[in-house]
>>> print(open('coords29.txt').read())   # compact mmCIF, C-alpha atoms
# COMPACT_ATOMS: atom_id res chain seq x y z
CA MET A 1 0.00 0.00 0.00
CA TYR A 2 1.24 3.49 -0.84
CA ASP A 3 0.81 6.51 1.39
CA PHE A 4 -2.41 8.54 0.98
CA ASN A 5 -4.51 11.09 2.82
CA TYR A 6 -7.64 9.70 4.46
CA GLU A 7 -10.73 11.84 4.89
CA LYS A 8 -13.97 10.67 6.45
CA ALA A 9 -16.67 12.73 4.76
CA THR A 10 -19.72 13.88 6.73
CA SER A 11 -21.76 15.09 3.74
CA VAL A 12 -21.89 14.36 0.02
CA ASP A 13 -21.16 18.01 -0.81
CA GLY A 14 -18.11 17.94 1.46
CA ALA A 15 -16.93 14.71 -0.14
CA ALA A 16 -17.29 16.14 -3.64
CA SER A 17 -15.38 19.32 -2.78
CA THR A 18 -12.58 17.33 -1.10
CA LEU A 19 -12.28 15.27 -4.27
CA SER A 20 -12.15 18.39 -6.46
CA GLY A 21 -9.30 19.76 -4.33
CA ALA A 22 -7.26 16.55 -4.41
CA ASP A 23 -4.58 15.66 -6.97
CA ASP A 24 -5.93 12.20 -7.59
CA GLY A 25 -8.70 11.53 -5.10
CA LYS A 26 -10.83 8.43 -4.88
CA PHE A 27 -14.19 7.89 -3.20
CA MET A 28 -14.45 4.83 -0.97
CA ALA A 29 -17.76 3.16 -0.12
CA GLY A 30 -17.27 -0.18 1.70
CA GLY A 31 -13.77 -0.50 0.28
CA MET A 32 -14.28 -4.13 -0.71
CA THR A 33 -12.63 -3.57 -4.08
CA LEU A 34 -10.57 -0.44 -3.39
CA LEU A 35 -8.74 -1.74 -0.30
CA PRO A 36 -7.43 -4.96 -1.92
CA THR A 37 -6.43 -2.85 -4.94
CA LEU A 38 -4.48 -0.48 -2.68
CA LYS A 39 -2.91 -3.34 -0.73
CA GLN A 40 -1.61 -4.87 -3.94
CA ARG A 41 -0.25 -1.46 -5.00
CA LEU A 42 -2.41 -1.50 -8.12
CA ALA A 43 -3.62 2.03 -7.39
CA MET A 44 -1.96 5.08 -5.89
CA PRO A 45 -4.61 7.73 -5.11
CA SER A 46 -3.45 10.88 -3.31
CA ASP A 47 -6.61 10.98 -1.21
CA VAL A 48 -9.17 8.38 -0.13
CA ILE A 49 -12.50 9.99 0.74
CA ASP A 50 -14.62 7.67 2.87
CA LEU A 51 -18.37 7.97 2.18
CA GLY A 52 -19.29 5.39 4.82
CA GLY A 53 -20.02 7.90 7.57
CA ILE A 54 -22.67 9.98 5.79
CA PRO A 55 -25.90 9.12 7.62
CA GLU A 56 -28.37 10.15 4.91
CA LEU A 57 -26.85 7.61 2.50
CA VAL A 58 -27.83 4.64 4.69
CA GLY A 59 -31.24 3.06 4.97
CA ILE A 60 -34.14 1.37 3.22
CA THR A 61 -37.60 2.78 2.65
CA VAL A 62 -40.51 1.01 1.02
CA ASP A 63 -43.68 2.55 -0.40
CA ALA A 64 -46.56 1.12 -2.41
CA SER A 65 -44.63 0.95 -5.67
CA SER A 66 -40.92 0.98 -4.91
CA VAL A 67 -38.01 0.11 -2.64
CA THR A 68 -35.41 2.84 -2.06
CA ILE A 69 -31.98 1.77 -0.86
CA GLY A 70 -29.44 4.35 0.32
CA ALA A 71 -26.11 4.07 -1.46
CA MET A 72 -24.11 3.20 1.67
CA THR A 73 -26.49 0.49 2.85
CA PRO A 74 -24.52 -2.74 3.34
CA HIS A 75 -25.55 -5.92 1.54
CA ALA A 76 -26.24 -7.66 4.87
CA VAL A 77 -28.84 -5.02 5.78
CA VAL A 78 -30.62 -5.42 2.44
CA HIS A 79 -30.52 -9.20 2.81
CA ALA A 80 -31.96 -9.09 6.34
CA SER A 81 -34.60 -6.42 5.65
CA ALA A 82 -38.07 -7.84 6.29
CA ASP A 83 -39.50 -5.11 4.05
CA VAL A 84 -37.30 -6.03 1.09
CA GLN A 85 -37.91 -9.74 1.68
CA LYS A 86 -41.64 -9.07 1.54
CA VAL A 87 -41.90 -6.95 -1.61
CA ILE A 88 -38.81 -7.94 -3.69
CA PRO A 89 -37.55 -11.23 -2.23
CA ALA A 90 -35.26 -11.70 -5.24
CA LEU A 91 -33.36 -8.55 -4.27
CA ALA A 92 -32.93 -9.69 -0.65
CA LYS A 93 -31.74 -13.06 -1.88
CA LEU A 94 -29.24 -11.48 -4.28
CA ALA A 95 -27.74 -9.36 -1.50
CA GLY A 96 -27.27 -12.50 0.60
CA LEU A 97 -25.34 -14.21 -2.19
CA ILE A 98 -22.65 -11.54 -2.45
CA GLY A 99 -19.19 -12.56 -1.24
CA ASP A 100 -19.02 -13.76 2.37
CA PRO A 101 -20.37 -12.36 5.68
CA MET A 102 -17.46 -9.94 6.03
CA VAL A 103 -17.98 -8.54 2.54
CA ARG A 104 -21.74 -8.31 3.09
CA ASN A 105 -21.27 -6.29 6.26
CA ARG A 106 -18.84 -3.82 4.68
CA GLY A 107 -19.78 -3.72 0.99
CA THR A 108 -22.52 -1.36 -0.19
CA ILE A 109 -24.91 -1.13 -3.12
CA GLY A 110 -23.53 2.28 -4.12
CA GLY A 111 -19.97 0.98 -4.14
CA SER A 112 -20.91 -2.13 -6.05
CA ILE A 113 -22.72 -0.38 -8.89
CA SER A 114 -20.23 2.51 -9.10
CA ASN A 115 -17.35 0.04 -9.43
CA ASN A 116 -19.33 -2.00 -12.01
CA ASP A 117 -17.26 -5.14 -11.76
CA PRO A 118 -18.37 -7.37 -14.67
CA ALA A 119 -19.05 -10.20 -12.18
CA ALA A 120 -20.83 -8.13 -9.51
CA ASP A 121 -24.37 -9.16 -8.56
CA TYR A 122 -26.14 -5.82 -8.01
CA PRO A 123 -25.90 -4.49 -11.60
CA SER A 124 -28.19 -7.35 -12.70
CA ALA A 125 -30.85 -6.24 -10.20
CA VAL A 126 -30.58 -2.57 -11.21
CA VAL A 127 -31.04 -3.45 -14.89
CA GLY A 128 -33.27 -6.49 -14.30
CA LEU A 129 -35.80 -4.48 -12.31
CA GLY A 130 -35.47 -1.28 -14.34
CA ALA A 131 -34.29 0.67 -11.28
CA THR A 132 -33.31 4.35 -11.22
CA VAL A 133 -29.97 5.50 -9.82
CA TYR A 134 -30.02 8.85 -8.00
CA THR A 135 -26.79 10.81 -7.73
CA THR A 136 -25.65 14.15 -6.36
CA LYS A 137 -26.31 15.63 -9.80
CA ARG A 138 -29.25 13.83 -11.44
CA GLU A 139 -31.19 10.63 -11.82
CA ILE A 140 -29.97 7.99 -14.25
CA ALA A 141 -32.05 5.12 -15.64
CA GLY A 142 -30.55 1.75 -14.70
CA ASP A 143 -30.44 0.87 -18.40
CA ASP A 144 -28.11 3.83 -19.05
CA PHE A 145 -25.97 3.61 -15.91
CA PHE A 146 -23.61 0.74 -16.78
CA THR A 147 -21.58 1.66 -19.85
CA GLY A 148 -18.78 -0.95 -20.00
CA MET A 149 -16.32 -3.01 -17.99
CA PHE A 150 -15.75 -1.05 -14.74
CA GLU A 151 -17.32 1.95 -16.54
CA THR A 152 -20.48 3.84 -15.58
CA ALA A 153 -22.28 7.01 -16.60
CA LEU A 154 -20.97 8.68 -13.41
CA GLU A 155 -18.83 11.78 -13.69
CA GLU A 156 -15.60 12.10 -11.71
CA ASP A 157 -17.08 13.95 -8.72
CA GLU A 158 -20.59 12.48 -8.92
CA ILE A 159 -21.78 10.31 -6.03
CA VAL A 160 -24.60 7.77 -6.05
CA THR A 161 -27.02 8.64 -3.25
CA LYS A 162 -29.73 6.00 -3.62
CA VAL A 163 -31.22 3.41 -5.91
CA VAL A 164 -34.98 3.15 -6.40
CA PHE A 165 -36.31 -0.26 -7.43
CA PRO A 166 -39.89 -0.51 -8.77
CA ILE A 167 -41.73 -3.41 -7.13
CA PRO A 168 -42.24 -6.15 -9.75
CA GLU A 169 -45.09 -8.62 -10.01
CA LYS A 170 -42.55 -11.42 -10.07
CA ALA A 171 -38.79 -11.60 -10.07
CA ALA A 172 -35.93 -13.97 -9.34
CA TYR A 173 -32.14 -14.04 -9.41
CA MET A 174 -30.20 -17.18 -10.18
CA LYS A 175 -26.44 -17.24 -9.82
CA PHE A 176 -23.72 -19.67 -10.75
CA PRO A 177 -21.00 -18.59 -8.34
CA ASN A 178 -17.28 -18.76 -8.88
CA PRO A 179 -16.36 -21.55 -6.42
CA ALA A 180 -13.40 -19.55 -5.08
CA SER A 181 -14.45 -15.90 -4.97
CA ARG A 182 -18.25 -16.32 -5.02
CA TYR A 183 -18.51 -13.63 -7.68
CA ALA A 184 -21.02 -14.47 -10.41
CA VAL A 185 -19.62 -16.64 -13.20
CA VAL A 186 -23.10 -16.02 -14.59
CA GLY A 187 -26.00 -14.38 -12.78
CA THR A 188 -29.39 -13.89 -14.40
CA PHE A 189 -32.07 -11.59 -13.00
CA VAL A 190 -35.55 -11.92 -14.50
CA SER A 191 -38.60 -9.86 -13.71
CA GLN A 192 -42.04 -8.97 -14.91
CA GLY A 193 -43.80 -5.84 -13.77
CA PRO A 194 -44.11 -2.10 -14.31
CA GLN A 195 -40.83 -2.00 -16.23
CA GLY A 196 -41.90 -4.74 -18.62
CA THR A 197 -40.35 -8.17 -18.88
CA ARG A 198 -36.64 -8.10 -18.22
CA VAL A 199 -33.72 -10.50 -18.34
CA ALA A 200 -30.45 -8.98 -17.12
CA VAL A 201 -27.25 -11.00 -17.23
CA THR A 202 -24.12 -10.32 -15.17
CA GLY A 203 -20.79 -12.14 -15.01
CA ALA A 204 -21.08 -13.52 -18.53
CA GLY A 205 -19.91 -10.51 -20.53
CA PRO A 206 -17.76 -7.42 -19.98
CA CYS A 207 -20.77 -5.56 -18.53
CA VAL A 208 -24.30 -6.41 -17.43
CA PHE A 209 -26.63 -6.69 -20.45
CA ARG A 210 -30.27 -7.40 -21.28
CA GLN A 211 -30.98 -10.63 -23.16
CA SER A 212 -33.51 -9.32 -25.65
CA ASP A 213 -34.36 -12.67 -27.29
CA MET A 214 -35.32 -14.08 -23.91
CA GLU A 215 -37.23 -10.94 -22.99
CA ALA A 216 -39.30 -11.23 -26.17
CA ALA A 217 -40.03 -14.91 -25.55
CA LEU A 218 -40.97 -14.31 -21.90
CA THR A 219 -43.20 -11.38 -22.85
CA SER A 220 -45.40 -13.77 -24.82
CA SER A 221 -45.17 -16.54 -22.22
CA PHE A 222 -43.42 -16.18 -18.86
CA ALA A 223 -42.46 -19.84 -18.49
CA PRO A 224 -39.12 -21.70 -18.20
CA GLU A 225 -39.83 -23.48 -21.50
CA SER A 226 -39.86 -20.12 -23.28
CA VAL A 227 -36.13 -19.62 -22.72
CA GLU A 228 -34.71 -23.15 -22.56
CA ASN A 229 -33.93 -23.29 -26.27
CA ILE A 230 -32.68 -19.72 -26.65
CA LYS A 231 -28.93 -19.79 -27.01
CA GLN A 232 -26.72 -16.91 -25.92
CA ASP A 233 -24.13 -15.95 -28.55
CA ASP A 234 -20.71 -16.68 -27.02
CA GLU A 235 -18.82 -14.11 -29.08
CA ASP A 236 -18.64 -11.39 -26.42
CA MET A 237 -18.58 -13.63 -23.37
CA ASN A 238 -15.80 -13.50 -20.78
CA SER A 239 -13.37 -16.39 -20.59
CA ASP A 240 -11.09 -17.29 -17.67
CA ILE A 241 -9.71 -20.28 -15.79
CA HIS A 242 -13.09 -20.95 -14.19
CA ALA A 243 -15.30 -20.88 -17.28
CA SER A 244 -14.81 -20.56 -21.03
CA ALA A 245 -16.92 -18.22 -23.16
CA GLU A 246 -18.89 -21.22 -24.47
CA TYR A 247 -19.63 -22.46 -20.95
CA ARG A 248 -20.74 -18.99 -19.84
CA ALA A 249 -23.07 -18.71 -22.85
CA HIS A 250 -24.52 -22.11 -21.95
CA LEU A 251 -25.01 -21.04 -18.32
CA VAL A 252 -26.93 -17.89 -19.36
CA THR A 253 -29.72 -20.09 -20.70
CA ILE A 254 -29.65 -22.47 -17.72
CA MET A 255 -29.69 -19.67 -15.15
CA ALA A 256 -32.47 -17.84 -17.01
CA LYS A 257 -34.60 -20.97 -17.13
CA ARG A 258 -34.11 -21.61 -13.40
CA ALA A 259 -34.77 -17.96 -12.54
CA VAL A 260 -38.07 -17.97 -14.45
CA ALA A 261 -39.10 -21.16 -12.66
CA GLU A 262 -38.28 -19.59 -9.29
CA ALA A 263 -40.06 -16.34 -10.18
CA ASN A 264 -43.19 -18.32 -11.00
CA GLY A 265 -42.94 -19.96 -7.56
CA MET B 266 -13.29 -36.25 18.59
CA ILE B 267 -9.75 -35.31 17.58
CA VAL B 268 -9.62 -38.34 15.30
CA GLU B 269 -13.00 -37.52 13.74
CA GLY B 270 -11.94 -33.92 13.19
CA GLN B 271 -8.72 -35.03 11.54
CA VAL B 272 -10.64 -37.38 9.25
CA HIS B 273 -13.10 -34.58 8.38
CA GLY B 274 -10.18 -32.36 7.41
CA GLY B 275 -8.64 -35.13 5.36
CA LEU B 276 -11.92 -35.87 3.57
CA VAL B 277 -12.39 -32.21 2.66
CA GLN B 278 -8.84 -32.01 1.36
CA GLY B 279 -9.46 -35.06 -0.81
CA ILE B 280 -12.81 -33.77 -2.06
CA GLY B 281 -11.19 -30.41 -2.81
CA GLN B 282 -8.51 -32.11 -4.87
CA ALA B 283 -11.11 -34.19 -6.72
CA LEU B 284 -13.47 -31.31 -7.56
CA MET B 285 -11.93 -27.89 -6.99
CA GLU B 286 -8.28 -27.28 -6.17
CA ASN B 287 -5.84 -26.55 -8.98
CA CYS B 288 -2.71 -24.45 -9.50
CA GLU B 289 -3.00 -22.74 -12.88
CA TYR B 290 -0.12 -21.05 -14.69
CA ASP B 291 -0.20 -18.77 -17.73
CA ASP B 292 2.05 -19.09 -20.80
CA GLN B 293 4.85 -17.22 -19.08
CA GLY B 294 4.83 -19.51 -16.07
CA GLN B 295 3.14 -16.94 -13.86
CA LEU B 296 0.90 -18.48 -11.21
CA ILE B 297 -2.61 -17.15 -11.85
CA THR B 298 -4.28 -18.83 -8.90
CA GLY B 299 -2.17 -16.87 -6.45
CA SER B 300 -4.98 -15.88 -4.07
CA PHE B 301 -8.07 -17.53 -2.65
CA ASN B 302 -10.12 -15.40 -5.05
CA ASP B 303 -8.98 -17.78 -7.80
CA TYR B 304 -7.64 -20.86 -6.03
CA CYS B 305 -10.68 -22.94 -5.07
CA LEU B 306 -10.11 -24.07 -1.51
CA PRO B 307 -13.11 -26.07 -0.28
CA ARG B 308 -15.11 -24.47 2.52
CA ALA B 309 -17.70 -25.77 4.96
CA ASP B 310 -20.61 -25.08 2.60
CA ASP B 311 -18.94 -27.03 -0.23
CA VAL B 312 -19.13 -30.38 1.58
CA PRO B 313 -21.84 -32.48 3.25
CA ASN B 314 -21.90 -33.65 6.85
CA PHE B 315 -19.77 -36.71 7.50
CA VAL B 316 -20.37 -39.86 9.51
CA VAL B 317 -17.01 -41.29 10.59
CA GLY B 318 -16.54 -44.81 11.85
CA THR B 319 -13.33 -46.04 13.50
CA ASN B 320 -11.95 -49.48 14.21
CA GLU B 321 -9.87 -49.26 17.36
CA GLY B 322 -9.18 -52.98 17.71
CA ALA B 323 -5.88 -53.10 15.82
CA PRO B 324 -3.18 -51.07 17.59
CA CYS B 325 0.12 -50.46 15.80
CA THR B 326 2.75 -53.01 16.87
CA HIS B 327 5.75 -50.83 16.01
CA ASN B 328 5.57 -48.20 18.73
CA PRO B 329 5.02 -48.42 22.50
CA LEU B 330 1.72 -46.47 22.47
CA GLY B 331 0.19 -48.47 19.59
CA VAL B 332 -0.84 -45.24 17.81
CA LYS B 333 -1.45 -44.67 14.11
CA GLY B 334 -1.78 -41.63 11.90
CA CYS B 335 -5.36 -40.91 10.90
CA GLY B 336 -5.73 -37.59 9.04
CA GLU B 337 -4.39 -38.78 5.71
CA ALA B 338 -6.71 -41.74 5.63
CA GLY B 339 -9.58 -39.43 4.68
CA THR B 340 -7.58 -37.62 2.00
CA ILE B 341 -6.51 -40.77 0.20
CA GLY B 342 -9.94 -42.35 0.02
CA ALA B 343 -11.93 -39.22 -0.74
CA GLY B 344 -10.23 -38.32 -4.03
CA ALA B 345 -10.71 -41.80 -5.43
CA ALA B 346 -14.28 -42.14 -4.15
CA VAL B 347 -15.45 -38.79 -5.54
CA THR B 348 -13.73 -39.24 -8.90
CA ASN B 349 -15.21 -42.73 -9.20
CA ALA B 350 -18.64 -41.25 -8.49
CA VAL B 351 -18.16 -38.62 -11.21
CA LEU B 352 -17.09 -41.26 -13.73
CA ASP B 353 -19.95 -43.53 -12.70
CA ALA B 354 -22.35 -40.70 -13.52
CA LEU B 355 -20.63 -39.95 -16.83
CA GLY B 356 -20.17 -43.58 -17.87
CA THR B 357 -23.52 -43.77 -19.66
CA ARG B 358 -22.26 -40.99 -21.95
CA GLY B 359 -19.14 -42.96 -22.84
CA ILE B 360 -16.79 -40.95 -20.64
CA HIS B 361 -14.41 -43.20 -18.72
CA ASP B 362 -11.60 -40.83 -17.76
CA ILE B 363 -11.41 -37.29 -16.38
CA ASP B 364 -8.47 -35.47 -14.84
CA MET B 365 -8.81 -34.06 -11.34
CA PRO B 366 -10.16 -31.62 -10.45
CA ALA B 367 -13.47 -32.53 -12.10
CA THR B 368 -14.84 -28.98 -12.05
CA SER B 369 -18.32 -28.26 -13.40
CA HIS B 370 -16.64 -26.60 -16.40
CA LYS B 371 -14.53 -29.68 -17.13
CA VAL B 372 -17.50 -32.04 -16.74
CA TRP B 373 -19.54 -29.86 -19.12
CA GLN B 374 -16.73 -29.84 -21.68
CA ALA B 375 -16.44 -33.63 -21.46
CA LEU B 376 -20.19 -33.95 -22.03
CA GLN B 377 -20.01 -31.62 -25.04
CA GLN B 378 -17.30 -33.78 -26.59
CA SER B 379 -19.01 -37.08 -25.89
CA ASN B 380 -21.31 -38.60 -28.46
CA GLY B 381 -23.71 -40.12 -25.97
>>> encode(input="coords29.txt", output="structure tokens")
Amino acid sequence: MYDFNYEKATSVDGAASTLSGADDGKFMAGGMTLLPTLKQRLAMPSDVIDLGGIPELVGITVDASSVTIGAMTPHAVVHASADVQKVIPALAKLAGLIGDPMVRNRGTIGGSISNNDPAADYPSAVVGLGATVYTTKREIAGDDFFTGMFETALEEDEIVTKVVFPIPEKAAYMKFPNPASRYAVVGTFVSQGPQGTRVAVTGAGPCVFRQSDMEAALTSSFAPESVENIKQDDEDMNSDIHASAEYRAHLVTIMAKRAVAEANG
Amino acid sequence: MIVEGQVHGGLVQGIGQALMENCEYDDQGQLITGSFNDYCLPRADDVPNFVVGTNEGAPCTHNPLGVKGCGEAGTIGAGAAVTNAVLDALGTRGIHDIDMPATSHKVWQALQQSNG
């Protein structure tokens, strides 16, 4: 780890102005990606600005049509929330599948989506439920938020404040975890509700994406049989020691089929 | 209890070798499974509960206490037992050999290449 200045922000405005004044500042949410990166000397920011102590960024509220999760809410809190379990059980389940208990108690939804790791779980829920991401500057549709591998629509000094998930009629997340890291080799989030019929896939490609062939088939009939013969093109799939591009493409169909079955109860 | 615990550890090590653990190197000889984010070490939720039986009626005759090692016994049997089980399942598809570890990826690839 290289030397850096540490600042614990008490407000989002304060955090943004500290970043603007720094040579090469970096926001930290739970630090579950940033800290290992720093420890391995793969990054050398001049300043680390900790967002974890800003009270208004933490918490969950539920109304008749949506679930709002503050950006610094840890995965464990989302997983254990009786409100989330009641109205979007798929989202509570997804949060409980992230990493291990230590990661779930430190890692946050805002950090996860801002980092946009290609194998992170949360991006599939944001896109798969048609959520809206609120930042210090604007609101961004979930479909427009993730722009590429580790890339988002966020500007340099823009901070995610909350994510609003519309409550679906049915939804489910099915994940094939990496046996070592528990990141998603392939994770498929399906839903049907106010945002239409959605199939969002994470882990398989460089960035979360919607599987439009499956969405079309599920729109006419929301049943596992609708997707079981739809093959994912393996051209743009990730490939590593745990799974080849062909295997990932195969798993997209399997996970989608299982997710639809679970969503139907 | 110590003996059972040692056997549990040995079994998990053997199961890990049969299904998960592997050191992978890239073309330059760089180890790419250098952390537990990539090296698949089995954990408690990867294995079932075990029932261990012991036969204490045959003490070792070559030392005064009559003691024997016990941890490795689980390791040696587990790898063979699990790999045999995998091949038993794949036998109907004409697959009679698979290198450890038989990961889900490797099993899938073998099934893709089989004609069965």
>>> residues_around(input="coords29.txt", residues="range 297-302 of chain B", least_positions_apart="5", cutoff="12 Å", atoms="all atoms listed in the file", output="PDB file with C-alpha atoms, in the coordinates of the input")
ATOM      1  CA  PRO A  36      -7.430  -4.960  -1.920  1.00  0.00           C
ATOM      2  CA  GLN A  40      -1.610  -4.870  -3.940  1.00  0.00           C
ATOM      3  CA  GLY A  99     -19.190 -12.560  -1.240  1.00  0.00           C
ATOM      4  CA  ASP A 100     -19.020 -13.760   2.370  1.00  0.00           C
ATOM      5  CA  PRO A 177     -21.000 -18.590  -8.340  1.00  0.00           C
ATOM      6  CA  ASN A 178     -17.280 -18.760  -8.880  1.00  0.00           C
ATOM      7  CA  PRO A 179     -16.360 -21.550  -6.420  1.00  0.00           C
ATOM      8  CA  ALA A 180     -13.400 -19.550  -5.080  1.00  0.00           C
ATOM      9  CA  SER A 181     -14.450 -15.900  -4.970  1.00  0.00           C
ATOM     10  CA  ARG A 182     -18.250 -16.320  -5.020  1.00  0.00           C
ATOM     11  CA  TYR A 183     -18.510 -13.630  -7.680  1.00  0.00           C
ATOM     12  CA  ASP A 240     -11.090 -17.290 -17.670  1.00  0.00           C
ATOM     13  CA  ILE A 241      -9.710 -20.280 -15.790  1.00  0.00           C
ATOM     14  CA  HIS A 242     -13.090 -20.950 -14.190  1.00  0.00           C
TER      15      HIS A 242
ATOM     16  CA  MET B 285     -11.930 -27.890  -6.990  1.00  0.00           C
ATOM     17  CA  GLU B 286      -8.280 -27.280  -6.170  1.00  0.00           C
ATOM     18  CA  ASN B 287      -5.840 -26.550  -8.980  1.00  0.00           C
ATOM     19  CA  CYS B 288      -2.710 -24.450  -9.500  1.00  0.00           C
ATOM     20  CA  GLU B 289      -3.000 -22.740 -12.880  1.00  0.00           C
ATOM     21  CA  TYR B 290      -0.120 -21.050 -14.690  1.00  0.00           C
ATOM     22  CA  ASP B 291      -0.200 -18.770 -17.730  1.00  0.00           C
ATOM     23  CA  ASP B 292       2.050 -19.090 -20.800  1.00  0.00           C
ATOM     24  CA  PRO B 307     -13.110 -26.070  -0.280  1.00  0.00           C
ATOM     25  CA  ARG B 308     -15.110 -24.470   2.520  1.00  0.00           C
TER      26      ARG B 308
END
>>> residues_around(input="coords29.txt", residues="Ser191 in chain A", least_positions_apart="5", cutoff="7 Å", atoms="all atoms listed in the file", output="PDB file with C-alpha atoms, in the coordinates of the input")
ATOM      1  CA  GLY A 128     -33.270  -6.490 -14.300  1.00  0.00           C
ATOM      2  CA  LEU A 129     -35.800  -4.480 -12.310  1.00  0.00           C
ATOM      3  CA  PRO A 168     -42.240  -6.150  -9.750  1.00  0.00           C
ATOM      4  CA  LYS A 170     -42.550 -11.420 -10.070  1.00  0.00           C
ATOM      5  CA  ALA A 171     -38.790 -11.600 -10.070  1.00  0.00           C
ATOM      6  CA  ALA A 172     -35.930 -13.970  -9.340  1.00  0.00           C
ATOM      7  CA  THR A 197     -40.350  -8.170 -18.880  1.00  0.00           C
ATOM      8  CA  ARG A 198     -36.640  -8.100 -18.220  1.00  0.00           C
ATOM      9  CA  VAL A 199     -33.720 -10.500 -18.340  1.00  0.00           C
TER      10      VAL A 199
END
>>> closest_residue(input="coords29.txt", among="A:Ala216, A:Val185, A:Met1, A:Ala16", to="chain B", atoms="all atoms listed in the file")
A:Val185
>>> closest_residue(input="coords29.txt", among="B:Pro324, B:Ala345, B:Gly270, B:Pro366", to="Leu306 in chain B", atoms="only C-alpha atoms")
B:Pro366
>>> closest_residue(input="coords29.txt", among="A:Ser239, A:Gln85, A:Ser66, A:Thr202", to="Tyr122 in chain A", atoms="only C-alpha atoms")
A:Thr202
>>> residues_near_point(input="coords29.txt", point="(-21.6, 5.8, -13.3)", cutoff="8 Å", atoms="all atoms listed in the file", output="count of residues only")
10
>>> closest_residue(input="coords29.txt", among="A:Asp157, A:Pro89, A:Leu42, A:Pro74", to="Gly25 in chain A", atoms="all atoms listed in the file")
A:Asp157
>>> residues_around(input="coords29.txt", residues="range 134-138 of chain A", least_positions_apart="3", cutoff="7 Å", atoms="all atoms listed in the file", output="tab-separated table (two decimals) with C-alpha atoms, in the coordinates of the input")
chain	number	residue	atom	x	y	z
A	158	GLU	CA	-20.59	12.48	-8.92
A	159	ILE	CA	-21.78	10.31	-6.03
A	160	VAL	CA	-24.60	7.77	-6.05
A	161	THR	CA	-27.02	8.64	-3.25
A	162	LYS	CA	-29.73	6.00	-3.62
A	163	VAL	CA	-31.22	3.41	-5.91
>>> residues_around(input="coords29.txt", residues="Val347 in chain B", least_positions_apart="2", cutoff="12 Å", atoms="all atoms listed in the file", output="list in words")
Leu276, Val277, Gln278, Gly279, Ile280, Gly281, Gln282, Ala283, Leu284, Met285, Val312, Gly339, Thr340, Ile341, Gly342, Ala343, Gly344, Ala345, Asn349, Ala350, Val351, Leu352, Asp353, Ala354, Ile363, Met365, Pro366, Ala367 and Thr368 of chain B
>>> atom_distance(input="coords29.txt", atom1="CA of Asp83 in chain A", atom2="CA of Pro166 in chain A")
13.6 Å
>>> residues_near_point(input="coords29.txt", point="(-7.6, -37.6, 19.9)", cutoff="12 Å", atoms="only C-alpha atoms", output="list in words")
Met266, Ile267, Val268, Glu269, Gly270, Gln271, Val272, Val332, Lys333, Gly334, Cys335 and Gly336 of chain B
>>> residues_around(input="coords29.txt", residues="Glu246 in chain A", least_positions_apart="3", cutoff="9 Å", atoms="all atoms listed in the file", output="JSON, numbers by chain")
{"A": [233, 234, 235, 237, 239, 243, 249, 250, 251]}
>>> closest_residue(input="coords29.txt", among="B:Arg358, B:Gly274, B:Gln378, B:Tyr304", to="chain A", atoms="all atoms listed in the file")
B:Tyr304
>>> closest_residue(input="coords29.txt", among="B:Leu355, B:Val316, B:Ala346, B:Cys305", to="chain A", atoms="all atoms listed in the file")
B:Cys305
>>> decode(input="coords29.txt", residues="range 309-318 of chain B", atoms="N, CA and C atoms", output="PDB file, in the first residue's frame")
ATOM      1  N   ALA B 309     -16.690 -24.944   4.273  1.00  0.00           N
ATOM      2  CA  ALA B 309     -17.696 -25.772   4.958  1.00  0.00           C
ATOM      3  C   ALA B 309     -18.938 -25.973   4.104  1.00  0.00           C
ATOM      4  N   ASP B 310     -19.362 -24.933   3.361  1.00  0.00           N
ATOM      5  CA  ASP B 310     -20.606 -25.078   2.603  1.00  0.00           C
ATOM      6  C   ASP B 310     -20.409 -25.814   1.275  1.00  0.00           C
ATOM      7  N   ASP B 311     -19.181 -26.242   0.985  1.00  0.00           N
ATOM      8  CA  ASP B 311     -18.944 -27.026  -0.226  1.00  0.00           C
ATOM      9  C   ASP B 311     -19.088 -28.527   0.013  1.00  0.00           C
ATOM     10  N   VAL B 312     -19.148 -28.934   1.275  1.00  0.00           N
ATOM     11  CA  VAL B 312     -19.135 -30.375   1.576  1.00  0.00           C
ATOM     12  C   VAL B 312     -20.340 -30.745   2.449  1.00  0.00           C
ATOM     13  N   PRO B 313     -20.716 -32.038   2.405  1.00  0.00           N
ATOM     14  CA  PRO B 313     -21.835 -32.482   3.249  1.00  0.00           C
ATOM     15  C   PRO B 313     -21.365 -32.756   4.677  1.00  0.00           C
ATOM     16  N   ASN B 314     -22.283 -33.160   5.537  1.00  0.00           N
ATOM     17  CA  ASN B 314     -21.897 -33.652   6.855  1.00  0.00           C
ATOM     18  C   ASN B 314     -21.304 -35.056   6.696  1.00  0.00           C
ATOM     19  N   PHE B 315     -20.415 -35.402   7.592  1.00  0.00           N
ATOM     20  CA  PHE B 315     -19.767 -36.714   7.500  1.00  0.00           C
ATOM     21  C   PHE B 315     -20.166 -37.593   8.683  1.00  0.00           C
ATOM     22  N   VAL B 316     -20.254 -38.879   8.432  1.00  0.00           N
ATOM     23  CA  VAL B 316     -20.366 -39.859   9.510  1.00  0.00           C
ATOM     24  C   VAL B 316     -19.076 -40.670   9.480  1.00  0.00           C
ATOM     25  N   VAL B 317     -18.314 -40.628  10.559  1.00  0.00           N
ATOM     26  CA  VAL B 317     -17.008 -41.287  10.593  1.00  0.00           C
ATOM     27  C   VAL B 317     -17.081 -42.501  11.520  1.00  0.00           C
ATOM     28  N   GLY B 318     -16.635 -43.623  11.012  1.00  0.00           N
ATOM     29  CA  GLY B 318     -16.543 -44.808  11.854  1.00  0.00           C
ATOM     30  C   GLY B 318     -15.085 -45.187  12.059  1.00  0.00           C
TER      31      GLY B 318
END
